[in-house]
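Enquirer: Okay, handing you the structure first.
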Amino acid sequence: MTDLLFNLFAVFTVACAAGVVLCRNTVASALSLLLCLIGVAGLFALLNAVLLAVLLVFVYAGAVVALFLFIIMLLDVQGGERLPFKGATLASGVLAVGLLATGVLSLATHARLPAVAAASPAGSTLRDYAELLFTQYMLPVQVVGFLLLAAMLGVIVLSKKFAGLEDIK
Amino acid sequence: MFDFYFNFPLWFRLPLQGLAVILVLFPLAAACSMAERKISAWIQGRPGPNRTIAPILAWIPGMGVLQRLGIFQLAADGGKFTFKEDGVPGHVNKFYFILAPILAMIPALTTVAVVPFGAYLDSAGKLVPIMLANVDVGLLAVFAVSSLGVYSVILAGWASNSKYPFLGSVRASAQLISYELSMTLSVLPVFLLVNAPGGHGTLSLVDVVAMQSGGWHGFTAQSWHGLWGVCYLPLSAFIFLVALFAETNRQPFDMPESEADLVGGFHTEYGAFKWSLFFVAEYCHMIVGSGIFCLLFLGGWNLLPWLPLAKLAGLLGIAASPLLTGGLGIVIFLGKVAAFIFFFMWVRWTLPRFRYDQVMKIGWQRLLPLAIANLIFYLLAIALTQK
């Protein structure tokens with residue numbers, strides 16, 4: 001049953017991911033991204049990581065993709081005149097896929113992973129997540145948050161044309 | 001008594017239960033549209049729908065009362081929406097135009113799966129909630145799924161390929177994202193209180209109701225468990241309420257469809273059955289949202305503060321019967337939800353609509369800082385009192 005569901009969600013996710021790249025219509029691309037995220041959430045749920053699944057749907061599917069659509073509609077971006085793939089893009093894409101495939105293959109055949117302690121059948125509790133987040137991964141989370149903040153400020157500065165210092169105040 | 005039912009395999013029982021809940025929720029949503037018309041008429045001092053009746057029924061004496069209440073208008077509306085010609089305008093993007101109303105129904109009917117709507121006592125005297133899926137992430141799942149509801153509005157406006165629907169859907173997406181933040185922040189104090197030190201961490205709505213089901217222990221610290229959330233978290237309740245109005249697109253926040261400046265907003269180009277799907281979805285969101293407010297802040301299925309369901313069933317002498325206790329719990333809960341929906345409608349026909357810039361200003365400059373301040377206050381208060 002779990003295998004069947006895994007295959008279902010995996011194929012669904014990959015198909016939707018392909019749709020994001022291949023759709024001519026920008027809105028259709030964004031909607032494929034939405035379905036792709038829901039597929040990934042399904043995969044998380046199969047791994048008993050229900051919290052991750054729900055957060056993925058809540059934050060990314062619920063808010064981020066809605067913002068994408070908002071921007072697409074506000075700027076009225078038409079996907080019709082999308083340029084065909086260039087040679088360099090294709091080459092780098094193939095290279096990236098090759099590297100990823102090599103990595104996954106070598107991980108599957110050669111790697112010796114440390115034995116994972118058997119997870120509780122009901123999956124991790126919220127307390128487990130909280131403990132890890134506030135002890136072991138405290139610093140990385142803060143650093144990533146700070147990076148995102150810096151990126152956000154950068155976008156504001158780059159995208160807004162400031163006439164003078166008065167505008168910033 | 002019901003052993004035969006529990007002997008059925010799970011794959012048979014779960015869809016059956018889901019179907020049963022939907023079969024209750026769907027007519028409830030339709031009844032809400034009727035109630036809306038009757039209540040608006042009442043508030044505006046006019047009779048409202050009071051003429052419709054099927055010819056055969058008109059012969060039965062006593063039916064006049066039901067006729068004046070407008071009960072049959074419901075069936076007439078349903079029939080009209082089903083059999084009316086359902087045209088698709090020529091200038092729309094057909095696929096997404098038809099997809100949008102279907103998409104509206106999915107989150108509206110899915111969220112109810114994790115909402116408990118009653119409880120009964122099992123043979124050991126333990127309270128068992130009546131719900132479709134009792135998951136630890138309860139409320140987060142409701143938020144996650146209901147946030148997908150915005151896509152139907154966005155798609156409807158975009159696929160309609162005309163100005164007013166488009167403006168309506170752009171407004172909807174901005175408004176929903178703005179108010180989601182305040183809504184999520186406002187419920188955090190509730191779960192800070194529910195998750196006492198040493199617990200395993202829960203976001204389940206059942207545990208929130210359990211926190212509000214204490215008895216009266218005299219004037220001691222233990223007695224606060226009998227109070228309802230709205231008594232000790234008034235600001236959270238208020239912020240949640242305002243955000244709920246905005247999230248369900250109800251007046252005074254019905255920017256996406258505001259008839260005065262956008263004709264009909266995102267559903268301007270829709271008619272007949274597709275239009276009614278949007279409306280049933282909106283009322284479903286309202287019912288589920290009211291239910292969640294009742295669970296978080298109004299004691300769920302407890303009749304009065306300090307009078308939890310288990311005690312009430314004991315007083316009435318029906319604690320031994322799961323059927324009667326469960327029925328009582330569901331009736332109390334639905335009664336609260338109905339009262340809350342009346343409140344929704346009361347507000348709609350009382351307050352004027354906000355301007356769009358006011359909606360954004362309230363969301364970002366008033367509600368969000370208030371929600372953050374509220375969270376910090378309860379963080380400190382809980383940290384100081386629960387050592």
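Each chain of the structure tokens is named A, B, ... in the order shown, its residues numbered from 1; ligands are numbered from 1 in display order.
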Output as a VMD selection string all residues of stretch 229-298 of chain B that backbone DSSP marks as helix (DSSP H, G or I).

Expert: chain B and resid 229 to 232 234 to 247 259 to 262 265 to 267 272 to 297

Enquirer: Based on only C-alpha atoms, which of the residues in chain B come within 6 Å of chain A? I want them as a list in words.

Expert: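 Putting it all together, I get Ala141, Ala144, Ser147, Leu148, His200 and Gly201 of chain B.
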
Enquirer: Excluding stretch 11-21 of chain A and its own-chain neighbours fewer than 3 positions away, which residues fall within 10 Å of it when counting only C-alpha atoms? Please give them as a ChimeraX atom specification.

Expert: /A:5-8,24-43

Enquirer: Emit the selected residues as a CSV table (one decimal), in the first residue's frame, including N, CA, C and O atoms.

Expert:
```
chain,number,residue,atom,x,y,z
A,5,LEU,N,1.4,4.0,-2.9
A,5,LEU,CA,1.2,5.5,-2.7
A,5,LEU,C,2.5,6.2,-3.0
A,5,LEU,O,2.5,7.3,-3.6
A,6,PHE,N,3.7,5.7,-2.6
A,6,PHE,CA,4.9,6.3,-2.9
A,6,PHE,C,5.1,6.5,-4.4
A,6,PHE,O,5.4,7.6,-4.9
A,7,ASN,N,4.9,5.4,-5.2
A,7,ASN,CA,5.1,5.5,-6.6
A,7,ASN,C,4.1,6.6,-7.2
A,7,ASN,O,4.5,7.4,-8.1
A,8,LEU,N,2.9,6.5,-6.7
A,8,LEU,CA,1.9,7.5,-7.2
A,8,LEU,C,2.3,8.9,-7.0
A,8,LEU,O,2.4,9.7,-7.9
A,24,ARG,N,3.6,26.4,-21.5
A,24,ARG,CA,3.8,27.7,-22.2
A,24,ARG,C,3.1,28.9,-21.4
A,24,ARG,O,3.6,30.0,-21.4
A,25,ASN,N,2.0,28.5,-20.7
A,25,ASN,CA,1.3,29.5,-20.0
A,25,ASN,C,1.9,29.7,-18.6
A,25,ASN,O,2.1,28.8,-17.9
A,26,THR,N,2.2,31.0,-18.2
A,26,THR,CA,2.9,31.2,-16.9
A,26,THR,C,2.0,30.8,-15.8
A,26,THR,O,2.5,30.2,-14.8
A,27,VAL,N,0.7,31.1,-15.9
A,27,VAL,CA,-0.2,30.7,-14.8
A,27,VAL,C,-0.3,29.2,-14.7
A,27,VAL,O,-0.3,28.6,-13.6
A,28,ALA,N,-0.3,28.5,-15.8
A,28,ALA,CA,-0.3,27.0,-15.7
A,28,ALA,C,1.0,26.5,-15.1
A,28,ALA,O,1.0,25.5,-14.3
A,29,SER,N,2.1,27.2,-15.4
A,29,SER,CA,3.4,26.8,-14.7
A,29,SER,C,3.3,26.9,-13.2
A,29,SER,O,3.6,26.0,-12.4
A,30,ALA,N,2.7,28.0,-12.8
A,30,ALA,CA,2.6,28.3,-11.3
A,30,ALA,C,1.7,27.2,-10.7
A,30,ALA,O,2.0,26.7,-9.6
A,31,LEU,N,0.6,26.9,-11.4
A,31,LEU,CA,-0.3,25.9,-10.9
A,31,LEU,C,0.3,24.5,-10.8
A,31,LEU,O,0.1,23.7,-9.9
A,32,SER,N,1.2,24.2,-11.8
A,32,SER,CA,1.9,22.9,-11.8
A,32,SER,C,2.9,22.9,-10.6
A,32,SER,O,3.0,21.9,-9.9
A,33,LEU,N,3.5,24.1,-10.3
A,33,LEU,CA,4.3,24.1,-9.1
A,33,LEU,C,3.5,23.8,-7.8
A,33,LEU,O,3.9,23.1,-6.9
A,34,LEU,N,2.3,24.3,-7.8
A,34,LEU,CA,1.4,24.1,-6.7
A,34,LEU,C,1.1,22.6,-6.5
A,34,LEU,O,1.3,22.0,-5.4
A,35,LEU,N,0.8,21.9,-7.6
A,35,LEU,CA,0.5,20.5,-7.6
A,35,LEU,C,1.8,19.7,-7.2
A,35,LEU,O,1.7,18.7,-6.4
A,36,CYS,N,2.9,20.2,-7.7
A,36,CYS,CA,4.2,19.6,-7.4
A,36,CYS,C,4.4,19.6,-5.9
A,36,CYS,O,4.8,18.6,-5.2
A,37,LEU,N,4.2,20.8,-5.3
A,37,LEU,CA,4.4,20.9,-3.8
A,37,LEU,C,3.5,20.0,-3.0
A,37,LEU,O,3.8,19.4,-2.0
A,38,ILE,N,2.2,19.9,-3.5
A,38,ILE,CA,1.3,19.0,-2.9
A,38,ILE,C,1.8,17.5,-2.9
A,38,ILE,O,1.6,16.8,-2.0
A,39,GLY,N,2.3,17.2,-4.1
A,39,GLY,CA,2.9,15.8,-4.2
A,39,GLY,C,4.0,15.6,-3.2
A,39,GLY,O,4.1,14.6,-2.6
A,40,VAL,N,4.9,16.6,-3.1
A,40,VAL,CA,6.0,16.5,-2.1
A,40,VAL,C,5.5,16.4,-0.7
A,40,VAL,O,6.0,15.6,0.1
A,41,ALA,N,4.4,17.1,-0.4
A,41,ALA,CA,3.8,17.0,0.9
A,41,ALA,C,3.3,15.6,1.1
A,41,ALA,O,3.4,15.1,2.2
A,42,GLY,N,2.7,15.0,0.1
A,42,GLY,CA,2.3,13.6,0.2
A,42,GLY,C,3.4,12.7,0.5
A,42,GLY,O,3.3,11.8,1.4
A,43,LEU,N,4.6,12.9,-0.1
A,43,LEU,CA,5.7,12.1,0.2
A,43,LEU,C,6.2,12.2,1.6
A,43,LEU,O,6.5,11.3,2.3
```

Enquirer: In Å, rounded to a single decimal, give me how far atom CA of B:Tyr179 is from atom CA of B:Gly363.

Expert: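 One can read the atom CA of B:Gly363 to atom CA of B:Tyr179 distance as 6.0 Å.
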
Enquirer: Pull the strand (DSSP E) assignments for stretch 21-231 of chain B out of DSSP run on the backbone, and list those residues as number ranges by chain.

Expert: B: 119-121, 127-129

Enquirer: Output the selection as a PDB file, in the first residue's frame - N, CA, C and O atoms for each residue.

Expert:
```
ATOM      1  N   ALA B 119     -18.451  14.838  21.222  1.00  0.00           N
ATOM      2  CA  ALA B 119     -17.684  13.856  21.977  1.00  0.00           C
ATOM      3  C   ALA B 119     -18.652  12.947  22.710  1.00  0.00           C
ATOM      4  O   ALA B 119     -19.801  13.311  22.949  1.00  0.00           O
ATOM      5  N   TYR B 120     -18.200  11.753  23.032  1.00  0.00           N
ATOM      6  CA  TYR B 120     -19.018  10.859  23.849  1.00  0.00           C
ATOM      7  C   TYR B 120     -18.112  10.171  24.863  1.00  0.00           C
ATOM      8  O   TYR B 120     -16.889  10.229  24.755  1.00  0.00           O
ATOM      9  N   LEU B 121     -18.740   9.543  25.860  1.00  0.00           N
ATOM     10  CA  LEU B 121     -17.973   8.858  26.891  1.00  0.00           C
ATOM     11  C   LEU B 121     -17.908   7.386  26.543  1.00  0.00           C
ATOM     12  O   LEU B 121     -18.940   6.762  26.285  1.00  0.00           O
ATOM     13  N   LEU B 127     -13.512  10.652  27.620  1.00  0.00           N
ATOM     14  CA  LEU B 127     -14.161  11.428  26.571  1.00  0.00           C
ATOM     15  C   LEU B 127     -13.506  11.123  25.223  1.00  0.00           C
ATOM     16  O   LEU B 127     -12.291  11.268  25.072  1.00  0.00           O
ATOM     17  N   VAL B 128     -14.304  10.695  24.246  1.00  0.00           N
ATOM     18  CA  VAL B 128     -13.772  10.401  22.917  1.00  0.00           C
ATOM     19  C   VAL B 128     -14.350  11.416  21.937  1.00  0.00           C
ATOM     20  O   VAL B 128     -15.567  11.567  21.864  1.00  0.00           O
ATOM     21  N   PRO B 129     -13.507  12.140  21.211  1.00  0.00           N
ATOM     22  CA  PRO B 129     -14.050  13.122  20.273  1.00  0.00           C
ATOM     23  C   PRO B 129     -14.663  12.450  19.051  1.00  0.00           C
ATOM     24  O   PRO B 129     -14.241  11.366  18.648  1.00  0.00           O
TER      25      PRO B 129
END
```

Enquirer: Report, in Å to a single decimal, how far apart atom CA of B:Ile71 and atom CA of B:Asn249 are.

Expert: 26.1 Å

Enquirer: Please provide as number ranges by chain all residues within 12 Å of B:Phe191, with the sequence filter that same-chain residues fewer than 3 positions apart are discarded (counting only C-alpha atoms).

Expert: A: 126; B: 137-140, 184-188, 194-197, 199, 201-209, 211, 229, 233, 236, 296-297, 375, 378-379, 382
